[in-house]
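Here the structure is laid out as structure tokens; the discussion comes afterwards.
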Amino acid sequence: MNRVPSALITGLFAACASIASGQTPPSPEEILSAWLTSPHANSQSEAFRHWDTEGEIPGNCAVCHSTTGVVDYLASFPTIAGVIDHPVPIGTTVECAACHNPGADALREVLFPSGQTIAMADGSAICTVCHQGRTSADTVAAALGGRAEDEVSADIAFINIHYAAAASTQLGSVVRGGFEYAGQDYAGAFAHVEGLNTCVSCHDAHETKVELSACTSCHQGVSDFRAIRTTPTDVLGTGDISSGIAIVIDDLHARLEAAIMAYASGVGSAPIIYADHAYPYFFNDLNADGAVTEGEAAYPNRYQSWTPRLLRAAYNYQFVSKDRGAFAHNPHYAMQLLIDSITDLAEVAPVDVTGLVRP
């Protein structure tokens with residue numbers, strides 16, 4: 001059962017007071033109902049139950065997986081993004097006090113894993129604290145050092161962006177969330193239309209969902225977010241410039257997965273598979289059938305035949321995988337990362353890049 005925060009009514013009225021002038025604020029009951037349906041309130045989810053056995057949440061997880069952790073984090077400006085220096089008790093979700101506390105109210109700048117400190121507009125700063133991922137291009141570059149591009153090294157391990165890193169996608173090259181290849185230019189912050197440029201101008205602040213009606217005044221006739229097209233460029237070289245940009249990104253994502261598999265089997269001589277819901281996501285394809293079969297998506301079978309070239313591509317594959325809204329948050333940045341990763345693998349593996357046009 002969800003635990004309703006003891007400070008709920010205070011938090012609800014504080015939230016109502018923040019509603020833009022001229023709008024009818026939701027009632028406390030409506031806010032509570034919306035929050036209870038959100039992932040932030042799901043006390044039975046792995047995001048809040050992972051540490052039940054330990055009885056406490058470590059400081060490198062507590063900031064985003066407990067109300068206590070984020071309040072402590074916001075009490076002073078951090079030196080490491082998303083980390084506090086002490087564990088906190090289990091038993092909270094993302095409750096009212098997580099977003100309605102003095103530190104959150106005063107928050108105007110957010111530290112990212114790349115070391116960049118970014119000034120954030122009202123309505124985005126508190127969201128960005130957790131929805132930024134845990135790594136950056138710098139993390140990948142530091143792990144690879146000066147190793148030869150296609151040399152397998154036991155010292156290389158998969159680097160995971162973590163989950164729902166929407167802010168790193170949206171800010172693009174400003175915070176270097178994806179791995180950016182040398183010699184290429186990358187999209188910066190994705191600027192939407194006036195009035196839809198903060199997290200809460202698109203996402204309901206308590207339910208977290210996006211209403212399609214917020215988009216259809218511009219994207220008329222659209223009945224699905226994924227049908228929205230944000231570039232006239234024929235990215236796939238098929239002659240089709242009408243498909244939603246989400247479809248294009250899905251296609252590139254699938255091509256990158258195929259390219260990763262082709263490279264690993266050919267250059268690396270160790271077949272690889274990807275399992276979306278099993279850590280650490282990339283595993284040895286023991287029977288080389290290109291599919292996840294029973295027993296393969298297990299930690300002891302994790303992929304360990306990494307080369308620098310393969311790790312960079314796998315990192316970008318995961319970066320796009322874990323932001324399912326990348327097509328809305330920053331579609332050009334996502335496509336650039338995918339195409340550059342495919343192209344880099346194609347330098348040494350049998351990967352077809354015919355027709356691809358980098359936006």
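Residues in the structure tokens are named by chain (A, B, ... in the order shown) and by number from 1 within that chain; ligands are numbered from 1 in the order shown.
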
Find the residues of range 25-52 of chain A that sit at most 12 Å from range 202-216 of chain A; for each, write down the nearest two atoms and how far apart they are in Å, to one decimal. Count only C-alpha atoms. Sort by chain, then by number going up, and give it as CSV.
```
residue,atom,partner,partner_atom,distance
A:Pro26,CA,A:His206,CA,10.8
A:Pro28,CA,A:His206,CA,11.3
A:Glu29,CA,A:His206,CA,11.8
A:Glu30,CA,A:His206,CA,9.6
A:Ile31,CA,A:His206,CA,6.5
A:Leu32,CA,A:His206,CA,8.0
A:Ser33,CA,A:Glu207,CA,8.3
A:Ala34,CA,A:Glu207,CA,4.6
A:Trp35,CA,A:His206,CA,4.7
A:Leu36,CA,A:Glu207,CA,7.6
A:Thr37,CA,A:Glu207,CA,6.2
A:Ser38,CA,A:Glu207,CA,4.9
A:Pro39,CA,A:Thr208,CA,8.1
A:His40,CA,A:His206,CA,8.5
A:Ala41,CA,A:Glu207,CA,9.4
A:Asn42,CA,A:Glu207,CA,11.6
```

Output for the residues just chosen: N, CA and C atoms as a PDB file, in the first residue's frame:
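Result went into out_34.pdb, see below:
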```pdb
ATOM      1  N   PRO A  26      -5.657  22.911  -9.240  1.00  0.00           N
ATOM      2  CA  PRO A  26      -6.333  21.669  -8.877  1.00  0.00           C
ATOM      3  C   PRO A  26      -6.563  21.621  -7.373  1.00  0.00           C
ATOM      4  N   PRO A  28      -6.621  19.862  -3.591  1.00  0.00           N
ATOM      5  CA  PRO A  28      -5.713  18.926  -2.933  1.00  0.00           C
ATOM      6  C   PRO A  28      -6.045  17.470  -3.242  1.00  0.00           C
ATOM      7  N   GLU A  29      -7.321  17.159  -3.318  1.00  0.00           N
ATOM      8  CA  GLU A  29      -7.729  15.792  -3.627  1.00  0.00           C
ATOM      9  C   GLU A  29      -7.297  15.383  -5.028  1.00  0.00           C
ATOM     10  N   GLU A  30      -7.381  16.302  -5.979  1.00  0.00           N
ATOM     11  CA  GLU A  30      -6.970  16.015  -7.350  1.00  0.00           C
ATOM     12  C   GLU A  30      -5.456  15.807  -7.434  1.00  0.00           C
ATOM     13  N   ILE A  31      -4.710  16.608  -6.700  1.00  0.00           N
ATOM     14  CA  ILE A  31      -3.260  16.467  -6.695  1.00  0.00           C
ATOM     15  C   ILE A  31      -2.868  15.123  -6.089  1.00  0.00           C
ATOM     16  N   LEU A  32      -3.492  14.779  -4.971  1.00  0.00           N
ATOM     17  CA  LEU A  32      -3.202  13.493  -4.333  1.00  0.00           C
ATOM     18  C   LEU A  32      -3.528  12.334  -5.265  1.00  0.00           C
ATOM     19  N   SER A  33      -4.669  12.407  -5.913  1.00  0.00           N
ATOM     20  CA  SER A  33      -5.083  11.341  -6.826  1.00  0.00           C
ATOM     21  C   SER A  33      -4.092  11.199  -7.980  1.00  0.00           C
ATOM     22  N   ALA A  34      -3.640  12.323  -8.515  1.00  0.00           N
ATOM     23  CA  ALA A  34      -2.679  12.287  -9.619  1.00  0.00           C
ATOM     24  C   ALA A  34      -1.357  11.689  -9.164  1.00  0.00           C
ATOM     25  N   TRP A  35      -0.861  12.125  -8.014  1.00  0.00           N
ATOM     26  CA  TRP A  35       0.413  11.626  -7.496  1.00  0.00           C
ATOM     27  C   TRP A  35       0.351  10.121  -7.238  1.00  0.00           C
ATOM     28  N   LEU A  36      -0.763   9.648  -6.698  1.00  0.00           N
ATOM     29  CA  LEU A  36      -0.895   8.229  -6.378  1.00  0.00           C
ATOM     30  C   LEU A  36      -0.833   7.332  -7.612  1.00  0.00           C
ATOM     31  N   THR A  37      -1.154   7.876  -8.778  1.00  0.00           N
ATOM     32  CA  THR A  37      -1.089   7.077 -10.012  1.00  0.00           C
ATOM     33  C   THR A  37       0.279   7.148 -10.677  1.00  0.00           C
ATOM     34  N   SER A  38       1.184   7.958 -10.124  1.00  0.00           N
ATOM     35  CA  SER A  38       2.470   8.180 -10.776  1.00  0.00           C
ATOM     36  C   SER A  38       3.510   7.155 -10.330  1.00  0.00           C
ATOM     37  N   PRO A  39       4.562   6.969 -11.126  1.00  0.00           N
ATOM     38  CA  PRO A  39       5.679   6.104 -10.699  1.00  0.00           C
ATOM     39  C   PRO A  39       6.337   6.591  -9.409  1.00  0.00           C
ATOM     40  N   HIS A  40       6.267   7.890  -9.157  1.00  0.00           N
ATOM     41  CA  HIS A  40       6.881   8.455  -7.952  1.00  0.00           C
ATOM     42  C   HIS A  40       6.235   7.935  -6.670  1.00  0.00           C
ATOM     43  N   ALA A  41       4.999   7.450  -6.753  1.00  0.00           N
ATOM     44  CA  ALA A  41       4.273   7.002  -5.561  1.00  0.00           C
ATOM     45  C   ALA A  41       4.227   5.488  -5.425  1.00  0.00           C
ATOM     46  N   ASN A  42       4.772   4.777  -6.389  1.00  0.00           N
ATOM     47  CA  ASN A  42       4.663   3.312  -6.393  1.00  0.00           C
ATOM     48  C   ASN A  42       5.656   2.684  -5.418  1.00  0.00           C
TER      49      ASN A  42
END
```

I'd like to know which residues of range 17-210 of chain A are strand (DSSP E or B) (by DSSP, run on the backbone); could you write them as a list of chain:residue names?
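Answer for range 17-210 of chain A restricted to strand (DSSP E or B) is A:Glu56, A:Ile57, A:Val88, A:Pro89, A:Glu109, A:Val110, A:Leu111, A:Thr117, A:Ile118, A:Ala119, A:His203, A:Val210.
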
Those residues with N, CA and C atoms, as a compact mmCIF listing (two decimals), in the first residue's frame please?
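Below is the file that was written, selection-v4.txt:
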```txt
# COMPACT_ATOMS: atom_id res chain seq x y z
N GLU A 56 18.81 0.13 4.30
CA GLU A 56 19.17 1.51 4.05
C GLU A 56 19.58 1.67 2.59
N ILE A 57 19.51 2.89 2.10
CA ILE A 57 19.85 3.19 0.71
C ILE A 57 21.20 3.91 0.69
N VAL A 88 20.65 6.57 3.72
CA VAL A 88 19.41 7.04 4.35
C VAL A 88 18.50 5.83 4.58
N PRO A 89 17.52 5.95 5.47
CA PRO A 89 16.62 4.83 5.72
C PRO A 89 15.74 4.52 4.51
N GLU A 109 20.38 26.18 -10.31
CA GLU A 109 21.47 25.58 -11.09
C GLU A 109 21.58 24.11 -10.73
N VAL A 110 21.86 23.27 -11.74
CA VAL A 110 21.93 21.83 -11.52
C VAL A 110 23.27 21.30 -12.04
N LEU A 111 23.92 20.48 -11.22
CA LEU A 111 25.19 19.86 -11.59
C LEU A 111 24.92 18.55 -12.33
N THR A 117 27.59 22.74 -14.81
CA THR A 117 26.54 23.29 -13.96
C THR A 117 25.65 24.15 -14.85
N ILE A 118 24.38 23.80 -14.91
CA ILE A 118 23.48 24.44 -15.86
C ILE A 118 22.39 25.22 -15.14
N ALA A 119 22.20 26.47 -15.55
CA ALA A 119 21.08 27.27 -15.05
C ALA A 119 19.79 26.72 -15.63
N HIS A 203 4.78 17.81 -18.93
CA HIS A 203 4.41 16.73 -18.02
C HIS A 203 3.60 17.27 -16.86
N VAL A 210 1.98 13.16 -20.07
CA VAL A 210 1.84 14.26 -21.03
C VAL A 210 0.51 14.09 -21.74
```

Considering only C-alpha atoms, return as a PyMOL selection string whatever protein or nucleic-acid residues lie within 12 Å of Ser321 in chain A, sequence-local ones (same chain, fewer than 5 positions apart) excluded.
chain A and resi 160-166+169+178+249-250+252-254+256-257+274-277+281+314-316+326-327+334+337-338
